[in-house]
Amino acid sequence: MRKKWMAAVCAAVLALGLFGCGGKDRPAENGSAKEGISGGEHGFEEITFVLDWTPNTNHTGVYVAQAKGYFEEAGLQVQVIQPPEDGAAMLVAGGGAQFGVDFQDSLAPAFASEEKLPVTAVAALIQHNTSGLISLKEKGIDTPKNMEGYTYATWDLETEKAIVKYVMEQDGGDFSKLELIPSTVADVVSALQTNVDLVWIYYAWDGVAAKLQGLETNYINFADLDAALDYYSPVIIGNDAYLKEHPKEAKAFLQAVKKGYEFAMEHPGEAAEILCEAAPELEKEIVLESQKWLADQYQADAEYWGWIDGERWDGFYRWLYENGVIEQEIPAGTGYSNEYLKGS
């Protein structure tokens, strides 16, 4: 779902002319409340939160907040839904959900448009970029240069390919010598045992899963290679009109979510159990180990959970422009805000 971002954000920008930034005239989707509606069950403010994908440990704090009653304590009735085919950003932009999960790289095309997508990143779910390239250790691909002559499962997206090309060239490699195989990998462990040598993963899930299955791997972490690639992935986004018109409720929601992630950091085992209860289809062993690994990653070295470092945020968008990934420069400060994490 996340990798369909180009079509989704472009469609969202075009759709703005049909139903406006706030989405007040658009019917609710997936059973979600319309933007701005309050007075739900027991008088609670109704909020719909849309995931970027199926439930996983990136989302644990939200499920903890729900299970522990943090939302209810804040006067909120929160519905968590999975994304429609065209993605979470479009649903949030149109007002079908007040908040959702997306990625800084996925949002770039919409922020570089003449008609900016009416969403704002309001919290970082994970403080640093934990994505990178995984391969079997036996292949010897321990540096970007050593990717020459191997195969890579690509989503065939401009940002993705630009990052892979950049890290190879910075290490003295030749990107043209990497064979790109268009593919959407559903099972990384299985894929690495086929004709695919390299896969882009998010370590907290696929890296942990590979380790649990006994695979010996090499992992090239993008954030370790260049500060510009330490972008925010994933983030919570909010509908701009809702944020403007309901700042008190937005802050209450984020404070409850923050409390949920703080609990997950302190009690990863119990948090894993909560996630598994909400999504029983998940493999418990992977959830638990992923939760333990993320306990130190959610906040990492930030002053508090959710903080978005403006220099890193702007630096990545500047990198995209300087490397020709986007044609229009994104002004500094575009697309994020820490205001709503400050509380009421």
# chains A, B, ... in the order shown; residues from 1 in each chain; ligands from 1
>>> residues_around(residues="Ile141 in chain A", least_positions_apart="4", cutoff="10 Å", atoms="only C-alpha atoms", output="list of chain:residue names")
A:Leu133, A:Ile134, A:Ser135, A:Leu136, A:Lys137, A:Lys145, A:Asn146, A:Met147, A:Glu148, A:Tyr150, A:Asp197, A:Leu198, A:Thr217, A:Asn218, A:Tyr219, A:Ile220
>>> write_last_selection(atoms="all heavy atoms", output="short mmCIF file (atom, residue, chain, number, x, y, z; two decimals), in the first residue's frame")
data_model
loop_
_atom_site.label_atom_id
_atom_site.label_comp_id
_atom_site.auth_asym_id
_atom_site.auth_seq_id
_atom_site.Cartn_x
_atom_site.Cartn_y
_atom_site.Cartn_z
N LEU A 133 18.86 -1.96 2.92
CA LEU A 133 18.91 -3.07 1.99
C LEU A 133 19.46 -4.32 2.67
O LEU A 133 20.52 -4.29 3.29
CB LEU A 133 19.78 -2.71 0.79
CG LEU A 133 19.33 -1.46 0.02
CD1 LEU A 133 20.37 -1.05 -1.00
CD2 LEU A 133 17.98 -1.71 -0.67
N ILE A 134 18.73 -5.42 2.54
CA ILE A 134 19.13 -6.68 3.16
C ILE A 134 19.51 -7.69 2.09
O ILE A 134 18.94 -7.71 0.99
CB ILE A 134 18.00 -7.24 4.06
CG1 ILE A 134 18.53 -8.35 4.96
CG2 ILE A 134 16.82 -7.70 3.23
CD1 ILE A 134 17.53 -8.78 6.03
N SER A 135 20.48 -8.51 2.39
CA SER A 135 20.92 -9.57 1.50
C SER A 135 21.47 -10.72 2.33
O SER A 135 21.80 -10.55 3.51
CB SER A 135 22.00 -9.07 0.53
OG SER A 135 23.15 -8.65 1.25
N LEU A 136 21.57 -11.89 1.74
CA LEU A 136 22.17 -13.02 2.44
C LEU A 136 23.67 -12.79 2.62
O LEU A 136 24.35 -12.34 1.70
CB LEU A 136 21.94 -14.31 1.66
CG LEU A 136 20.48 -14.77 1.52
CD1 LEU A 136 20.42 -16.06 0.68
CD2 LEU A 136 19.82 -14.99 2.88
N LYS A 137 24.17 -13.09 3.80
CA LYS A 137 25.58 -12.85 4.10
C LYS A 137 26.51 -13.57 3.12
O LYS A 137 27.58 -13.07 2.75
CB LYS A 137 25.89 -13.29 5.54
CG LYS A 137 27.31 -12.95 5.99
CD LYS A 137 27.51 -13.30 7.44
CE LYS A 137 26.82 -12.29 8.36
NZ LYS A 137 27.49 -10.97 8.33
N LYS A 145 28.88 -0.42 -2.84
CA LYS A 145 29.66 -0.71 -4.05
C LYS A 145 29.56 -2.18 -4.43
O LYS A 145 29.51 -2.54 -5.62
CB LYS A 145 31.13 -0.32 -3.86
CG LYS A 145 31.99 -0.50 -5.12
CD LYS A 145 33.43 -0.15 -4.86
CE LYS A 145 34.23 -0.15 -6.16
NZ LYS A 145 34.10 -1.43 -6.91
N ASN A 146 29.52 -3.04 -3.43
CA ASN A 146 29.47 -4.48 -3.68
C ASN A 146 28.13 -4.97 -4.22
O ASN A 146 27.96 -6.16 -4.48
CB ASN A 146 29.82 -5.25 -2.40
CG ASN A 146 31.28 -5.15 -2.04
OD1 ASN A 146 32.10 -4.74 -2.85
ND2 ASN A 146 31.60 -5.51 -0.81
N MET A 147 27.19 -4.03 -4.42
CA MET A 147 25.90 -4.39 -5.01
C MET A 147 26.03 -4.61 -6.52
O MET A 147 25.12 -5.17 -7.15
CB MET A 147 24.87 -3.30 -4.71
CG MET A 147 24.49 -3.23 -3.24
SD MET A 147 23.69 -1.67 -2.76
CE MET A 147 22.24 -1.68 -3.78
N GLU A 148 27.15 -4.19 -7.10
CA GLU A 148 27.37 -4.38 -8.54
C GLU A 148 27.29 -5.87 -8.89
O GLU A 148 27.85 -6.71 -8.19
CB GLU A 148 28.75 -3.85 -8.94
CG GLU A 148 28.90 -2.35 -8.84
CD GLU A 148 30.30 -1.90 -9.24
OE1 GLU A 148 31.18 -2.76 -9.45
OE2 GLU A 148 30.49 -0.67 -9.33
N TYR A 150 24.64 -7.75 -8.87
CA TYR A 150 23.58 -8.48 -8.18
C TYR A 150 22.20 -7.97 -8.62
O TYR A 150 22.09 -7.00 -9.37
CB TYR A 150 23.75 -8.35 -6.68
CG TYR A 150 24.92 -9.16 -6.14
CD1 TYR A 150 26.16 -8.56 -5.92
CD2 TYR A 150 24.79 -10.52 -5.89
CE1 TYR A 150 27.23 -9.31 -5.44
CE2 TYR A 150 25.86 -11.28 -5.42
CZ TYR A 150 27.08 -10.65 -5.21
OH TYR A 150 28.13 -11.41 -4.75
N ASP A 197 18.63 -10.82 -4.93
CA ASP A 197 19.76 -10.72 -4.00
C ASP A 197 19.56 -9.65 -2.94
O ASP A 197 20.03 -9.81 -1.81
CB ASP A 197 21.05 -10.41 -4.78
CG ASP A 197 21.41 -11.50 -5.77
OD1 ASP A 197 21.33 -12.68 -5.39
OD2 ASP A 197 21.76 -11.17 -6.92
N LEU A 198 18.88 -8.57 -3.30
CA LEU A 198 18.72 -7.44 -2.40
C LEU A 198 17.27 -6.99 -2.33
O LEU A 198 16.57 -6.94 -3.35
CB LEU A 198 19.57 -6.26 -2.87
CG LEU A 198 21.08 -6.38 -2.75
CD1 LEU A 198 21.78 -5.67 -3.89
CD2 LEU A 198 21.54 -5.81 -1.40
N THR A 217 22.47 -12.51 7.48
CA THR A 217 22.30 -11.47 6.47
C THR A 217 23.28 -10.32 6.67
O THR A 217 23.86 -10.14 7.74
CB THR A 217 20.87 -10.89 6.54
OG1 THR A 217 20.66 -10.29 7.84
CG2 THR A 217 19.83 -11.96 6.30
N ASN A 218 23.44 -9.54 5.60
CA ASN A 218 24.09 -8.24 5.66
C ASN A 218 23.00 -7.19 5.52
O ASN A 218 22.03 -7.39 4.78
CB ASN A 218 25.11 -8.06 4.53
CG ASN A 218 26.39 -8.83 4.79
OD1 ASN A 218 26.85 -8.93 5.92
ND2 ASN A 218 26.99 -9.37 3.73
N TYR A 219 23.16 -6.10 6.24
CA TYR A 219 22.14 -5.04 6.20
C TYR A 219 22.83 -3.70 6.01
O TYR A 219 23.72 -3.32 6.78
CB TYR A 219 21.33 -5.04 7.49
CG TYR A 219 20.24 -3.99 7.51
CD1 TYR A 219 19.21 -4.02 6.57
CD2 TYR A 219 20.24 -2.96 8.45
CE1 TYR A 219 18.21 -3.06 6.57
CE2 TYR A 219 19.24 -2.00 8.46
CZ TYR A 219 18.23 -2.05 7.52
OH TYR A 219 17.24 -1.10 7.52
N ILE A 220 22.45 -2.99 4.97
CA ILE A 220 22.98 -1.66 4.67
C ILE A 220 21.92 -0.65 5.09
O ILE A 220 20.88 -0.51 4.44
CB ILE A 220 23.31 -1.52 3.18
CG1 ILE A 220 24.39 -2.54 2.77
CG2 ILE A 220 23.77 -0.10 2.87
CD1 ILE A 220 24.65 -2.60 1.27
#
>>> residues_around(residues="range 239-248 of chain A", least_positions_apart="6", cutoff="6 Å", atoms="only C-alpha atoms", output="JSON, numbers by chain")
{"A": [22, 92, 93, 98, 118, 119]}
>>> closest_residue(among="A:Ala279, A:Leu225, A:Val64, A:Leu76", to="Pro144 in chain A", atoms="only C-alpha atoms")
A:Leu225
>>> residues_around(residues="Leu215 in chain A", least_positions_apart="4", cutoff="12 Å", atoms="only C-alpha atoms", output="list in words")
Ile134, Ser135, Leu136, Lys137, Glu138, Val188, Val189, Ser190, Leu192, Gln193, Asp206, Gly207, Val208, Ala209, Ala210, Lys211 and Tyr219 of chain A
>>> write_last_selection(atoms="all heavy atoms", output="short mmCIF file (atom, residue, chain, number, x, y, z; two decimals), in the first residue's frame")
data_model
loop_
_atom_site.label_atom_id
_atom_site.label_comp_id
_atom_site.auth_asym_id
_atom_site.auth_seq_id
_atom_site.Cartn_x
_atom_site.Cartn_y
_atom_site.Cartn_z
N ILE A 134 18.73 -5.42 2.54
CA ILE A 134 19.13 -6.68 3.16
C ILE A 134 19.51 -7.69 2.09
O ILE A 134 18.94 -7.71 0.99
CB ILE A 134 18.00 -7.24 4.06
CG1 ILE A 134 18.53 -8.35 4.96
CG2 ILE A 134 16.82 -7.70 3.23
CD1 ILE A 134 17.53 -8.78 6.03
N SER A 135 20.48 -8.51 2.39
CA SER A 135 20.92 -9.57 1.50
C SER A 135 21.47 -10.72 2.33
O SER A 135 21.80 -10.55 3.51
CB SER A 135 22.00 -9.07 0.53
OG SER A 135 23.15 -8.65 1.25
N LEU A 136 21.57 -11.89 1.74
CA LEU A 136 22.17 -13.02 2.44
C LEU A 136 23.67 -12.79 2.62
O LEU A 136 24.35 -12.34 1.70
CB LEU A 136 21.94 -14.31 1.66
CG LEU A 136 20.48 -14.77 1.52
CD1 LEU A 136 20.42 -16.06 0.68
CD2 LEU A 136 19.82 -14.99 2.88
N LYS A 137 24.17 -13.09 3.80
CA LYS A 137 25.58 -12.85 4.10
C LYS A 137 26.51 -13.57 3.12
O LYS A 137 27.58 -13.07 2.75
CB LYS A 137 25.89 -13.29 5.54
CG LYS A 137 27.31 -12.95 5.99
CD LYS A 137 27.51 -13.30 7.44
CE LYS A 137 26.82 -12.29 8.36
NZ LYS A 137 27.49 -10.97 8.33
N GLU A 138 26.08 -14.72 2.67
CA GLU A 138 26.91 -15.51 1.75
C GLU A 138 27.19 -14.80 0.42
O GLU A 138 28.15 -15.11 -0.29
CB GLU A 138 26.25 -16.86 1.46
CG GLU A 138 24.94 -16.74 0.73
CD GLU A 138 24.16 -18.04 0.70
OE1 GLU A 138 24.07 -18.73 1.74
OE2 GLU A 138 23.65 -18.38 -0.39
N VAL A 188 9.98 -11.37 2.50
CA VAL A 188 11.40 -11.08 2.28
C VAL A 188 12.25 -12.33 2.43
O VAL A 188 13.16 -12.58 1.63
CB VAL A 188 11.88 -9.97 3.24
CG1 VAL A 188 13.39 -9.82 3.18
CG2 VAL A 188 11.20 -8.65 2.90
N VAL A 189 11.98 -13.11 3.45
CA VAL A 189 12.78 -14.31 3.70
C VAL A 189 12.73 -15.25 2.50
O VAL A 189 13.75 -15.77 2.05
CB VAL A 189 12.29 -15.03 4.97
CG1 VAL A 189 13.00 -16.36 5.13
CG2 VAL A 189 12.54 -14.15 6.19
N SER A 190 11.54 -15.45 1.95
CA SER A 190 11.41 -16.32 0.78
C SER A 190 12.07 -15.71 -0.45
O SER A 190 12.73 -16.40 -1.22
CB SER A 190 9.93 -16.59 0.48
OG SER A 190 9.32 -17.30 1.54
N LEU A 192 14.62 -13.72 -0.70
CA LEU A 192 16.07 -13.77 -0.67
C LEU A 192 16.62 -15.15 -1.02
O LEU A 192 17.82 -15.31 -1.25
CB LEU A 192 16.58 -13.37 0.72
CG LEU A 192 16.44 -11.90 1.08
CD1 LEU A 192 16.90 -11.65 2.51
CD2 LEU A 192 17.22 -11.00 0.11
N GLN A 193 15.75 -16.13 -1.09
CA GLN A 193 16.18 -17.48 -1.44
C GLN A 193 15.75 -17.84 -2.86
O GLN A 193 15.71 -19.00 -3.23
CB GLN A 193 15.62 -18.46 -0.41
CG GLN A 193 16.16 -18.17 0.99
CD GLN A 193 15.56 -19.05 2.08
OE1 GLN A 193 15.99 -20.18 2.28
NE2 GLN A 193 14.60 -18.52 2.79
N ASP A 206 10.94 -6.91 8.92
CA ASP A 206 11.56 -7.92 8.06
C ASP A 206 12.96 -8.31 8.52
O ASP A 206 13.37 -9.47 8.36
CB ASP A 206 11.59 -7.43 6.61
CG ASP A 206 10.20 -7.41 5.99
OD1 ASP A 206 9.47 -8.40 6.17
OD2 ASP A 206 9.85 -6.42 5.34
N GLY A 207 13.70 -7.36 9.06
CA GLY A 207 15.03 -7.70 9.58
C GLY A 207 14.94 -8.63 10.77
O GLY A 207 15.69 -9.61 10.87
N VAL A 208 14.00 -8.32 11.65
CA VAL A 208 13.78 -9.18 12.82
C VAL A 208 13.27 -10.55 12.39
O VAL A 208 13.71 -11.59 12.91
CB VAL A 208 12.78 -8.50 13.78
CG1 VAL A 208 12.30 -9.49 14.84
CG2 VAL A 208 13.41 -7.29 14.45
N ALA A 209 12.35 -10.58 11.41
CA ALA A 209 11.80 -11.86 10.93
C ALA A 209 12.89 -12.73 10.33
O ALA A 209 12.93 -13.95 10.57
CB ALA A 209 10.70 -11.60 9.91
N ALA A 210 13.79 -12.12 9.56
CA ALA A 210 14.89 -12.87 8.94
C ALA A 210 15.80 -13.47 10.01
O ALA A 210 16.23 -14.63 9.91
CB ALA A 210 15.69 -11.97 8.02
N LYS A 211 16.07 -12.70 11.04
CA LYS A 211 16.92 -13.18 12.13
C LYS A 211 16.26 -14.33 12.87
O LYS A 211 16.92 -15.33 13.20
CB LYS A 211 17.23 -12.03 13.09
CG LYS A 211 18.22 -12.38 14.18
CD LYS A 211 18.55 -11.16 15.03
CE LYS A 211 19.56 -11.50 16.10
NZ LYS A 211 19.90 -10.29 16.93
N TYR A 219 23.16 -6.10 6.24
CA TYR A 219 22.14 -5.04 6.20
C TYR A 219 22.83 -3.70 6.01
O TYR A 219 23.72 -3.32 6.78
CB TYR A 219 21.33 -5.04 7.49
CG TYR A 219 20.24 -3.99 7.51
CD1 TYR A 219 19.21 -4.02 6.57
CD2 TYR A 219 20.24 -2.96 8.45
CE1 TYR A 219 18.21 -3.06 6.57
CE2 TYR A 219 19.24 -2.00 8.46
CZ TYR A 219 18.23 -2.05 7.52
OH TYR A 219 17.24 -1.10 7.52
#
>>> closest_atom_pairs(of="range 203-273 of chain A", to="range 311-324 of chain A", cutoff="9 Å", atoms="only C-alpha atoms", output="CSV")
residue,atom,partner,partner_atom,distance
A:Ala227,CA,A:Arg312,CA,7.8
A:Ala228,CA,A:Phe316,CA,5.0
A:Leu229,CA,A:Phe316,CA,6.3
A:Asp230,CA,A:Arg312,CA,7.0
A:Tyr231,CA,A:Phe316,CA,6.0
A:Tyr232,CA,A:Trp313,CA,7.1
